[in-house]
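Quick look at run13.pdb (PDB, C-alpha atoms):
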ATOM      1  CA  MET A 758     -10.992  17.259   3.012  1.00  0.00           C
ATOM      2  CA  GLN A 759     -14.750  17.778   3.303  1.00  0.00           C
ATOM      3  CA  ASP A 760     -15.229  16.491  -0.241  1.00  0.00           C
ATOM      4  CA  LYS A 761     -13.219  13.364   0.567  1.00  0.00           C
ATOM      5  CA  GLY A 762     -15.209  12.843   3.758  1.00  0.00           C
ATOM      6  CA  PHE A 763     -18.436  13.152   1.778  1.00  0.00           C
ATOM      7  CA  ARG A 764     -17.275  10.572  -0.769  1.00  0.00           C
ATOM      8  CA  ARG A 765     -16.342   8.148   1.984  1.00  0.00           C
ATOM      9  CA  GLY A 766     -19.634   8.669   3.758  1.00  0.00           C
ATOM     10  CA  TRP A 767     -21.557   8.144   0.517  1.00  0.00           C
ATOM     11  CA  ALA A 768     -19.663   4.916  -0.188  1.00  0.00           C
ATOM     12  CA  LEU A 769     -20.336   3.541   3.300  1.00  0.00           C
ATOM     13  CA  LEU A 770     -23.974   4.604   3.126  1.00  0.00           C
ATOM     14  CA  LEU A 771     -24.429   2.852  -0.215  1.00  0.00           C
ATOM     15  CA  ALA A 772     -22.755  -0.295   1.098  1.00  0.00           C
ATOM     16  CA  ALA A 773     -24.987  -0.297   4.183  1.00  0.00           C
ATOM     17  CA  GLY A 774     -28.032   0.356   2.006  1.00  0.00           C
ATOM     18  CA  LEU A 775     -27.288  -2.627  -0.226  1.00  0.00           C
ATOM     19  CA  VAL A 776     -26.865  -4.900   2.790  1.00  0.00           C
ATOM     20  CA  GLY A 777     -30.101  -3.564   4.262  1.00  0.00           C
ATOM     21  CA  TRP A 778     -31.905  -4.073   0.944  1.00  0.00           C
ATOM     22  CA  SER A 779     -30.976  -7.766   1.056  1.00  0.00           C
ATOM     23  CA  PHE A 780     -33.044  -8.083   4.239  1.00  0.00           C
ATOM     24  CA  VAL A 781     -35.999  -6.247   2.696  1.00  0.00           C
ATOM     25  CA  ILE A 782     -36.304  -8.033  -0.656  1.00  0.00           C
ATOM     26  CA  PRO A 783     -37.321 -11.454   0.788  1.00  0.00           C
ATOM     27  CA  ARG A 784     -40.346  -9.766   2.393  1.00  0.00           C
ATOM     28  CA  ILE A 785     -41.570  -8.353  -0.918  1.00  0.00           C
ATOM     29  CA  PRO A 786     -44.263 -10.397  -2.745  1.00  0.00           C
ATOM     30  CA  THR A 787     -42.629 -12.891  -5.100  1.00  0.00           C
ATOM     31  CA  ARG A 788     -44.128 -11.420  -8.278  1.00  0.00           C
ATOM     32  CA  TRP A 789     -42.520  -8.041  -7.554  1.00  0.00           C
ATOM     33  CA  ARG A 790     -39.062  -9.229  -6.538  1.00  0.00           C
ATOM     34  CA  LEU A 791     -37.526  -9.713  -9.975  1.00  0.00           C
ATOM     35  CA  PRO A 792     -38.508  -6.319 -11.425  1.00  0.00           C
ATOM     36  CA  MET A 793     -37.499  -4.576  -8.204  1.00  0.00           C
ATOM     37  CA  GLN A 794     -34.133  -6.338  -8.013  1.00  0.00           C
ATOM     38  CA  ALA A 795     -33.293  -5.634 -11.649  1.00  0.00           C
ATOM     39  CA  GLY A 796     -34.724  -2.119 -11.410  1.00  0.00           C
ATOM     40  CA  VAL A 797     -32.677  -1.161  -8.352  1.00  0.00           C
ATOM     41  CA  GLY A 798     -29.521  -2.336 -10.105  1.00  0.00           C
ATOM     42  CA  GLY A 799     -30.355  -0.239 -13.155  1.00  0.00           C
ATOM     43  CA  LEU A 800     -31.274   2.797 -11.045  1.00  0.00           C
ATOM     44  CA  LEU A 801     -27.969   2.665  -9.182  1.00  0.00           C
ATOM     45  CA  VAL A 802     -26.115   2.521 -12.488  1.00  0.00           C
ATOM     46  CA  LEU A 803     -27.961   5.627 -13.659  1.00  0.00           C
ATOM     47  CA  VAL A 804     -27.198   7.490 -10.428  1.00  0.00           C
ATOM     48  CA  THR A 805     -23.520   6.565 -10.043  1.00  0.00           C
ATOM     49  CA  ARG A 806     -22.660   6.328 -13.768  1.00  0.00           C
ATOM     50  CA  PRO A 807     -19.983   3.616 -13.582  1.00  0.00           C
ATOM     51  CA  ALA A 808     -17.899   2.667 -16.611  1.00  0.00           C
ATOM     52  CA  LEU A 809     -19.569  -0.665 -17.356  1.00  0.00           C
ATOM     53  CA  GLY A 810     -17.449  -1.578 -20.374  1.00  0.00           C
ATOM     54  CA  LEU A 811     -20.370  -3.385 -22.027  1.00  0.00           C
ATOM     55  CA  TRP A 812     -19.543  -2.104 -25.507  1.00  0.00           C
ATOM     56  CA  PRO A 813     -16.617  -3.061 -27.774  1.00  0.00           C
ATOM     57  CA  PRO A 814     -13.693  -3.120 -27.458  1.00  0.00           C
ATOM     58  CA  ARG A 815     -13.856  -3.460 -23.655  1.00  0.00           C
ATOM     59  CA  LEU A 816     -16.685  -5.957 -23.950  1.00  0.00           C
ATOM     60  CA  TRP A 817     -14.516  -8.442 -25.856  1.00  0.00           C
ATOM     61  CA  ALA A 818     -11.865  -8.402 -23.135  1.00  0.00           C
ATOM     62  CA  GLY A 819     -14.584  -8.904 -20.522  1.00  0.00           C
ATOM     63  CA  LEU A 820     -16.129 -11.822 -22.370  1.00  0.00           C
ATOM     64  CA  ARG A 821     -12.773 -13.555 -22.866  1.00  0.00           C
ATOM     65  CA  LEU A 822     -11.786 -13.276 -19.214  1.00  0.00           C
ATOM     66  CA  GLY A 823     -15.297 -14.042 -17.978  1.00  0.00           C
ATOM     67  CA  LEU A 824     -15.578 -17.141 -20.159  1.00  0.00           C
ATOM     68  CA  ALA A 825     -12.273 -18.515 -18.880  1.00  0.00           C
ATOM     69  CA  ALA A 826     -13.113 -17.810 -15.237  1.00  0.00           C
ATOM     70  CA  GLY A 827     -16.709 -18.976 -15.591  1.00  0.00           C
ATOM     71  CA  SER A 828     -15.745 -22.250 -17.243  1.00  0.00           C
ATOM     72  CA  ALA A 829     -13.283 -23.084 -14.480  1.00  0.00           C
ATOM     73  CA  ALA A 830     -15.726 -22.104 -11.725  1.00  0.00           C
ATOM     74  CA  ALA A 831     -18.652 -24.006 -13.270  1.00  0.00           C
ATOM     75  CA  GLY A 832     -16.466 -27.083 -13.615  1.00  0.00           C
ATOM     76  CA  ALA A 833     -15.545 -26.849  -9.935  1.00  0.00           C
ATOM     77  CA  VAL A 834     -19.216 -26.498  -8.951  1.00  0.00           C
ATOM     78  CA  LEU A 835     -20.215 -29.562 -10.961  1.00  0.00           C
ATOM     79  CA  ALA A 836     -17.277 -31.556  -9.601  1.00  0.00           C
ATOM     80  CA  ALA A 837     -18.369 -30.698  -6.058  1.00  0.00           C
ATOM     81  CA  THR A 838     -21.572 -32.679  -6.563  1.00  0.00           C
ATOM     82  CA  SER A 839     -19.489 -35.825  -6.161  1.00  0.00           C
ATOM     83  CA  ILE A 840     -19.085 -34.920  -2.474  1.00  0.00           C
ATOM     84  CA  PRO A 841     -21.814 -36.660  -0.424  1.00  0.00           C
ATOM     85  CA  GLY A 842     -22.319 -33.683   1.900  1.00  0.00           C
ATOM     86  CA  VAL A 843     -22.835 -31.332  -1.048  1.00  0.00           C
ATOM     87  CA  ARG A 844     -25.375 -33.666  -2.642  1.00  0.00           C
ATOM     88  CA  LEU A 845     -27.215 -34.009   0.661  1.00  0.00           C
ATOM     89  CA  SER A 846     -27.388 -30.221   0.995  1.00  0.00           C
ATOM     90  CA  MET A 847     -28.745 -29.913  -2.551  1.00  0.00           C
ATOM     91  CA  ILE A 848     -31.391 -32.567  -1.904  1.00  0.00           C
ATOM     92  CA  GLY A 849     -32.609 -30.699   1.168  1.00  0.00           C
ATOM     93  CA  ARG A 850     -32.925 -27.298  -0.541  1.00  0.00           C
ATOM     94  CA  GLU A 851     -36.267 -25.914  -1.668  1.00  0.00           C
ATOM     95  CA  LEU A 852     -35.653 -24.781  -5.237  1.00  0.00           C
ATOM     96  CA  PRO A 853     -37.587 -22.001  -7.003  1.00  0.00           C
ATOM     97  CA  ALA A 854     -40.351 -23.090  -9.346  1.00  0.00           C
ATOM     98  CA  PRO A 855     -40.776 -23.241 -12.235  1.00  0.00           C
ATOM     99  CA  ALA A 856     -37.202 -24.249 -12.951  1.00  0.00           C
ATOM    100  CA  SER A 857     -37.269 -22.773 -16.457  1.00  0.00           C
ATOM    101  CA  ALA A 858     -38.057 -19.275 -15.151  1.00  0.00           C
ATOM    102  CA  TRP A 859     -35.410 -19.635 -12.453  1.00  0.00           C
ATOM    103  CA  LEU A 860     -32.712 -20.567 -14.969  1.00  0.00           C
ATOM    104  CA  ALA A 861     -33.710 -18.258 -17.818  1.00  0.00           C
ATOM    105  CA  VAL A 862     -34.894 -15.128 -16.005  1.00  0.00           C
ATOM    106  CA  GLN A 863     -34.309 -15.008 -12.246  1.00  0.00           C
ATOM    107  CA  ILE A 864     -30.626 -15.943 -12.278  1.00  0.00           C
ATOM    108  CA  PRO A 865     -29.517 -13.720 -15.199  1.00  0.00           C
ATOM    109  CA  LEU A 866     -31.638 -10.665 -14.335  1.00  0.00           C
ATOM    110  CA  GLY A 867     -32.754 -10.878 -10.711  1.00  0.00           C
ATOM    111  CA  THR A 868     -29.430 -12.143  -9.407  1.00  0.00           C
ATOM    112  CA  VAL A 869     -26.500 -11.588 -11.767  1.00  0.00           C
ATOM    113  CA  TRP A 870     -27.471  -8.272 -13.364  1.00  0.00           C
ATOM    114  CA  ALA A 871     -28.902  -6.880 -10.125  1.00  0.00           C
ATOM    115  CA  GLU A 872     -25.853  -7.797  -8.027  1.00  0.00           C
ATOM    116  CA  GLU A 873     -23.148  -6.954 -10.552  1.00  0.00           C
ATOM    117  CA  ALA A 874     -24.723  -3.599 -11.377  1.00  0.00           C
ATOM    118  CA  ALA A 875     -25.098  -2.764  -7.681  1.00  0.00           C
ATOM    119  CA  PHE A 876     -21.849  -4.096  -6.210  1.00  0.00           C
ATOM    120  CA  ARG A 877     -19.238  -4.226  -8.999  1.00  0.00           C
ATOM    121  CA  GLY A 878     -20.813  -1.323 -10.870  1.00  0.00           C
ATOM    122  CA  ALA A 879     -22.289   1.300  -8.544  1.00  0.00           C
ATOM    123  CA  LEU A 880     -20.656   0.540  -5.194  1.00  0.00           C
ATOM    124  CA  ALA A 881     -17.204  -0.194  -6.629  1.00  0.00           C
ATOM    125  CA  THR A 882     -17.284   3.075  -8.559  1.00  0.00           C
ATOM    126  CA  VAL A 883     -18.393   5.184  -5.595  1.00  0.00           C
ATOM    127  CA  ALA A 884     -15.954   3.439  -3.258  1.00  0.00           C
ATOM    128  CA  ALA A 885     -13.029   3.841  -5.682  1.00  0.00           C
ATOM    129  CA  ARG A 886     -13.515   7.604  -5.628  1.00  0.00           C
ATOM    130  CA  ALA A 887     -13.266   7.529  -1.839  1.00  0.00           C
ATOM    131  CA  TYR A 888     -10.828   4.727  -1.017  1.00  0.00           C
ATOM    132  CA  GLY A 889      -9.004   3.841  -4.227  1.00  0.00           C
ATOM    133  CA  ALA A 890      -9.193   0.597  -6.198  1.00  0.00           C
ATOM    134  CA  SER A 891      -8.032  -1.743  -3.410  1.00  0.00           C
ATOM    135  CA  GLY A 892     -10.298  -0.190  -0.798  1.00  0.00           C
ATOM    136  CA  ALA A 893     -13.228  -0.277  -3.215  1.00  0.00           C
ATOM    137  CA  ARG A 894     -12.755  -3.971  -3.910  1.00  0.00           C
ATOM    138  CA  LEU A 895     -12.594  -4.703  -0.193  1.00  0.00           C
ATOM    139  CA  LEU A 896     -15.712  -2.669   0.603  1.00  0.00           C
ATOM    140  CA  GLN A 897     -17.855  -4.076  -2.185  1.00  0.00           C
ATOM    141  CA  SER A 898     -16.800  -7.669  -1.451  1.00  0.00           C
ATOM    142  CA  ALA A 899     -17.536  -7.239   2.272  1.00  0.00           C
ATOM    143  CA  ALA A 900     -20.969  -5.758   1.518  1.00  0.00           C
ATOM    144  CA  PHE A 901     -21.609  -8.519  -1.026  1.00  0.00           C
ATOM    145  CA  GLY A 902     -20.818 -11.187   1.564  1.00  0.00           C
ATOM    146  CA  LEU A 903     -23.006  -9.588   4.237  1.00  0.00           C
ATOM    147  CA  SER A 904     -25.876  -9.239   1.770  1.00  0.00           C
ATOM    148  CA  HIS A 905     -26.120 -13.042   1.620  1.00  0.00           C
ATOM    149  CA  ILE A 906     -26.991 -13.443   5.303  1.00  0.00           C
ATOM    150  CA  PRO A 907     -30.748 -13.681   4.573  1.00  0.00           C
ATOM    151  CA  ASP A 908     -30.099 -16.319   1.895  1.00  0.00           C
ATOM    152  CA  ALA A 909     -28.001 -18.373   4.304  1.00  0.00           C
ATOM    153  CA  ARG A 910     -30.651 -18.209   7.014  1.00  0.00           C
ATOM    154  CA  ALA A 911     -33.438 -19.123   4.596  1.00  0.00           C
ATOM    155  CA  ALA A 912     -31.494 -22.115   3.293  1.00  0.00           C
ATOM    156  CA  GLY A 913     -30.380 -23.248   6.757  1.00  0.00           C
ATOM    157  CA  GLU A 914     -26.710 -22.854   5.814  1.00  0.00           C
ATOM    158  CA  PRO A 915     -23.894 -21.619   8.117  1.00  0.00           C
ATOM    159  CA  VAL A 916     -24.030 -17.826   8.061  1.00  0.00           C
ATOM    160  CA  LEU A 917     -20.330 -17.143   8.648  1.00  0.00           C
ATOM    161  CA  ALA A 918     -19.227 -19.637   6.003  1.00  0.00           C
ATOM    162  CA  THR A 919     -21.697 -18.162   3.522  1.00  0.00           C
ATOM    163  CA  VAL A 920     -20.544 -14.601   4.182  1.00  0.00           C
ATOM    164  CA  LEU A 921     -16.884 -15.556   3.784  1.00  0.00           C
ATOM    165  CA  ALA A 922     -17.497 -17.595   0.623  1.00  0.00           C
ATOM    166  CA  THR A 923     -19.650 -14.992  -1.095  1.00  0.00           C
ATOM    167  CA  GLY A 924     -17.367 -12.193   0.074  1.00  0.00           C
ATOM    168  CA  GLY A 925     -14.443 -14.028  -1.504  1.00  0.00           C
ATOM    169  CA  ALA A 926     -16.438 -14.466  -4.704  1.00  0.00           C
ATOM    170  CA  GLY A 927     -17.224 -10.744  -4.670  1.00  0.00           C
ATOM    171  CA  TRP A 928     -13.532  -9.945  -4.367  1.00  0.00           C
ATOM    172  CA  VAL A 929     -12.768 -12.156  -7.392  1.00  0.00           C
ATOM    173  CA  PHE A 930     -15.646 -10.635  -9.374  1.00  0.00           C
ATOM    174  CA  GLY A 931     -14.249  -7.196  -8.578  1.00  0.00           C
ATOM    175  CA  TRP A 932     -10.812  -8.261  -9.786  1.00  0.00           C
ATOM    176  CA  LEU A 933     -12.287  -9.581 -13.022  1.00  0.00           C
ATOM    177  CA  ALA A 934     -14.041  -6.258 -13.653  1.00  0.00           C
ATOM    178  CA  GLU A 935     -10.875  -4.270 -12.977  1.00  0.00           C
ATOM    179  CA  ARG A 936      -8.651  -6.581 -14.978  1.00  0.00           C
ATOM    180  CA  SER A 937     -10.819  -6.546 -18.087  1.00  0.00           C
ATOM    181  CA  GLY A 938     -12.319  -3.075 -17.761  1.00  0.00           C
ATOM    182  CA  SER A 939     -15.737  -4.599 -18.367  1.00  0.00           C
ATOM    183  CA  LEU A 940     -18.611  -5.664 -16.155  1.00  0.00           C
ATOM    184  CA  GLY A 941     -19.127  -8.427 -18.701  1.00  0.00           C
ATOM    185  CA  ALA A 942     -16.328 -10.479 -17.077  1.00  0.00           C
ATOM    186  CA  PRO A 943     -17.839 -10.806 -13.595  1.00  0.00           C
ATOM    187  CA  MET A 944     -21.337 -11.106 -15.055  1.00  0.00           C
ATOM    188  CA  LEU A 945     -20.309 -14.060 -17.213  1.00  0.00           C
ATOM    189  CA  ALA A 946     -18.411 -15.747 -14.374  1.00  0.00           C
ATOM    190  CA  HIS A 947     -21.287 -15.093 -11.947  1.00  0.00           C
ATOM    191  CA  VAL A 948     -23.951 -16.487 -14.264  1.00  0.00           C
ATOM    192  CA  ALA A 949     -21.824 -19.557 -15.012  1.00  0.00           C
ATOM    193  CA  ILE A 950     -21.454 -20.346 -11.297  1.00  0.00           C
ATOM    194  CA  ASN A 951     -25.124 -19.814 -10.474  1.00  0.00           C
ATOM    195  CA  GLU A 952     -26.445 -21.680 -13.505  1.00  0.00           C
ATOM    196  CA  ALA A 953     -24.091 -24.599 -12.857  1.00  0.00           C
ATOM    197  CA  ALA A 954     -25.145 -24.762  -9.205  1.00  0.00           C
ATOM    198  CA  ALA A 955     -28.831 -24.562 -10.151  1.00  0.00           C
ATOM    199  CA  ALA A 956     -28.525 -27.241 -12.823  1.00  0.00           C
ATOM    200  CA  ALA A 957     -26.599 -29.483 -10.427  1.00  0.00           C
ATOM    201  CA  ALA A 958     -29.218 -29.073  -7.679  1.00  0.00           C
ATOM    202  CA  LEU A 959     -32.050 -29.824 -10.096  1.00  0.00           C
ATOM    203  CA  SER A 960     -30.249 -32.907 -11.394  1.00  0.00           C
ATOM    204  CA  VAL A 961     -29.434 -34.212  -7.910  1.00  0.00           C
ATOM    205  CA  GLN A 962     -33.022 -33.730  -6.734  1.00  0.00           C
ATOM    206  CA  ARG A 963     -34.428 -35.478  -9.807  1.00  0.00           C
ATOM    207  CA  ARG A 964     -32.129 -38.457  -9.281  1.00  0.00           C
ATOM    208  CA  SER A 965     -33.079 -38.553  -5.616  1.00  0.00           C
ATOM    209  CA  ARG A 966     -36.807 -38.593  -6.425  1.00  0.00           C
ATOM    210  CA  LEU A 967     -36.230 -41.315  -9.008  1.00  0.00           C
ATOM    211  CA  VAL A 968     -34.437 -43.472  -6.447  1.00  0.00           C
ATOM    212  CA  VAL A 969     -37.251 -42.977  -3.940  1.00  0.00           C
ATOM    213  CA  LEU A 970     -39.887 -43.774  -6.561  1.00  0.00           C
ATOM    214  CA  THR A 971     -38.040 -46.900  -7.675  1.00  0.00           C
ATOM    215  CA  THR A 972     -37.700 -48.044  -4.078  1.00  0.00           C
ATOM    216  CA  ASP A 973     -41.395 -47.460  -3.412  1.00  0.00           C
ATOM    217  CA  VAL A 974     -42.381 -49.426  -6.509  1.00  0.00           C
ATOM    218  CA  ALA A 975     -40.072 -52.283  -5.530  1.00  0.00           C
ATOM    219  CA  ASP A 976     -41.528 -52.322  -2.027  1.00  0.00           C
ATOM    220  CA  GLY A 977     -44.998 -52.435  -3.490  1.00  0.00           C
ATOM    221  CA  VAL A 978     -44.129 -55.406  -5.638  1.00  0.00           C
ATOM    222  CA  VAL A 979     -42.682 -57.245  -2.657  1.00  0.00           C
ATOM    223  CA  ARG A 980     -45.762 -56.611  -0.628  1.00  0.00           C
TER     224      ARG A 980
END

Taking this structure as input, can you express it in the form of structure tokens?
Amino acid sequence: MQDKGFRRGWALLLAAGLVGWSFVIPRIPTRWRLPMQAGVGGLLVLVTRPALGLWPPRLWAGLRLGLAAGSAAAGAVLAATSIPGVRLSMIGRELPAPASAWLAVQIPLGTVWAEEAAFRGALATVAARAYGASGARLLQSAAFGLSHIPDARAAGEPVLATVLATGGAGWVFGWLAERSGSLGAPMLAHVAINEAAAAAALSVQRRSRLVVLTTDVADGVVR
């Protein structure tokens, strides 16, 4: 009984720590954020020793499932840019610069690896030992949703909607990991969603600037 209580306490403490870390990382100097985010994910993997399934044959199952899920999710993200409200939100966002580093380094390592290693790797493993598979998926998805509160506030987006949406995504990512036996599945789906959203935002903002520039030039000619 004491051992079970310890496992539950450790799982809750880790979940709370990950949520708390999400409030700390924005206050860290920009140049240190990426290595710290990726490093914390790697450290948690070393401490909790989850079965990542990043080697064959589990890896192949993860890549197949992740590719299917990621393709569908990325398509939905790109289709959403046809909604005026979504485009307006993208235009108003301040995007990281330079875009190349954001797409090639920050998203894969600072976001996808860091979050999947921490939530679907470390936390899910610790929580499964305490609460079982279903309880673990619920705990890690709830912590994942709450960890996006600082992002929502910084972007001026509705906090509750962001928590629910990212919590739901965390639940799906957890299911993908369990279904395939590989962290490769949620990593691939996660990176597809984030890269598609980033590319869409960059494209929408470029088109918006082009329209403004064209309008300014036309106004200048008229004058």

Do you know which residues are at most 12 Å from Ala922 (chain A) counting only C-alpha atoms, after dropping those on the same chain fewer than 4 positions away, and could you put them as a tab-separated table (two decimals) with C-alpha atoms, in the frame of the given file?
chain	number	residue	atom	x	y	z
A	898	SER	CA	-16.80	-7.67	-1.45
A	899	ALA	CA	-17.54	-7.24	2.27
A	901	PHE	CA	-21.61	-8.52	-1.03
A	902	GLY	CA	-20.82	-11.19	1.56
A	903	LEU	CA	-23.01	-9.59	4.24
A	904	SER	CA	-25.88	-9.24	1.77
A	905	HIS	CA	-26.12	-13.04	1.62
A	906	ILE	CA	-26.99	-13.44	5.30
A	909	ALA	CA	-28.00	-18.37	4.30
A	914	GLU	CA	-26.71	-22.85	5.81
A	915	PRO	CA	-23.89	-21.62	8.12
A	916	VAL	CA	-24.03	-17.83	8.06
A	917	LEU	CA	-20.33	-17.14	8.65
A	918	ALA	CA	-19.23	-19.64	6.00
A	926	ALA	CA	-16.44	-14.47	-4.70
A	927	GLY	CA	-17.22	-10.74	-4.67
A	928	TRP	CA	-13.53	-9.94	-4.37
A	929	VAL	CA	-12.77	-12.16	-7.39

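Distance-wise, CA of Ala826 (chain A) and CA of Ala953 (chain A) end up 13.1 Å apart.
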
Counting all atoms listed in the file, find the residues whose atoms lie at most 9 Å from (-23.3, -24.8, -12.6) (file coordinates) and write them out as a PyMOL selection string.
-> chain A and resi 830-835+948-958

Which residues are close to region 787-798 of chain A, i.e. within 9 Å by all atoms listed in the file, leaving aside same-chain residues fewer than 3 positions away? Reply as a JSON list (two decimals) with C-alpha atoms, keeping the file's coordinate frame.
[["chain", "number", "residue", "atom", "x", "y", "z"],
["A", 782, "ILE", "CA", -36.30, -8.03, -0.66],
["A", 783, "PRO", "CA", -37.32, -11.45, 0.79],
["A", 784, "ARG", "CA", -40.35, -9.77, 2.39],
["A", 801, "LEU", "CA", -27.97, 2.66, -9.18],
["A", 802, "VAL", "CA", -26.12, 2.52, -12.49],
["A", 803, "LEU", "CA", -27.96, 5.63, -13.66],
["A", 862, "VAL", "CA", -34.89, -15.13, -16.00],
["A", 863, "GLN", "CA", -34.31, -15.01, -12.25],
["A", 866, "LEU", "CA", -31.64, -10.66, -14.34],
["A", 867, "GLY", "CA", -32.75, -10.88, -10.71],
["A", 868, "THR", "CA", -29.43, -12.14, -9.41],
["A", 870, "TRP", "CA", -27.47, -8.27, -13.36],
["A", 871, "ALA", "CA", -28.90, -6.88, -10.12],
["A", 872, "GLU", "CA", -25.85, -7.80, -8.03],
["A", 873, "GLU", "CA", -23.15, -6.95, -10.55],
["A", 874, "ALA", "CA", -24.72, -3.60, -11.38],
["A", 875, "ALA", "CA", -25.10, -2.76, -7.68],
["A", 876, "PHE", "CA", -21.85, -4.10, -6.21],
["A", 878, "GLY", "CA", -20.81, -1.32, -10.87],
["A", 879, "ALA", "CA", -22.29, 1.30, -8.54]]

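Across the structure, CA of Leu880 (chain A) and CA of Leu852 (chain A) are spaced 29.4 Å apart.
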
Can you work out which one of A:Gly762, A:Gly842, A:Gly931, A:Pro814 has the shortest atom-to-atom distance to Ala893 (chain A), counting only C-alpha atoms?
->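 Selected residue with least distance to Ala893 (chain A): A:Gly931.
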
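Straight-line separation from CA of Ala772 (chain A) to CA of Val869 (chain A): 17.5 Å.
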
Determine the nearest neighbour of Arg910 (chain A) from the options A:Ser965, A:Met847, A:His947, A:Phe780, counting only C-alpha atoms.
->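 That would be A:Phe780, the residue with the smallest distance to Arg910 (chain A).
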
Nearest candidate to Arg821 (chain A) (options A:Arg894, A:Arg850, A:Arg963, A:Arg936; using all atoms listed in the file) =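 Smallest separation from Arg821 (chain A) among the options: A:Arg936.
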
Apply the PyMOL selection byres ((chain A and resi 816-820) around 9) to the structure shown and report the selected residues as a ChimeraX atom specification.
-> /A:809-815,821-825,933-934,936-945
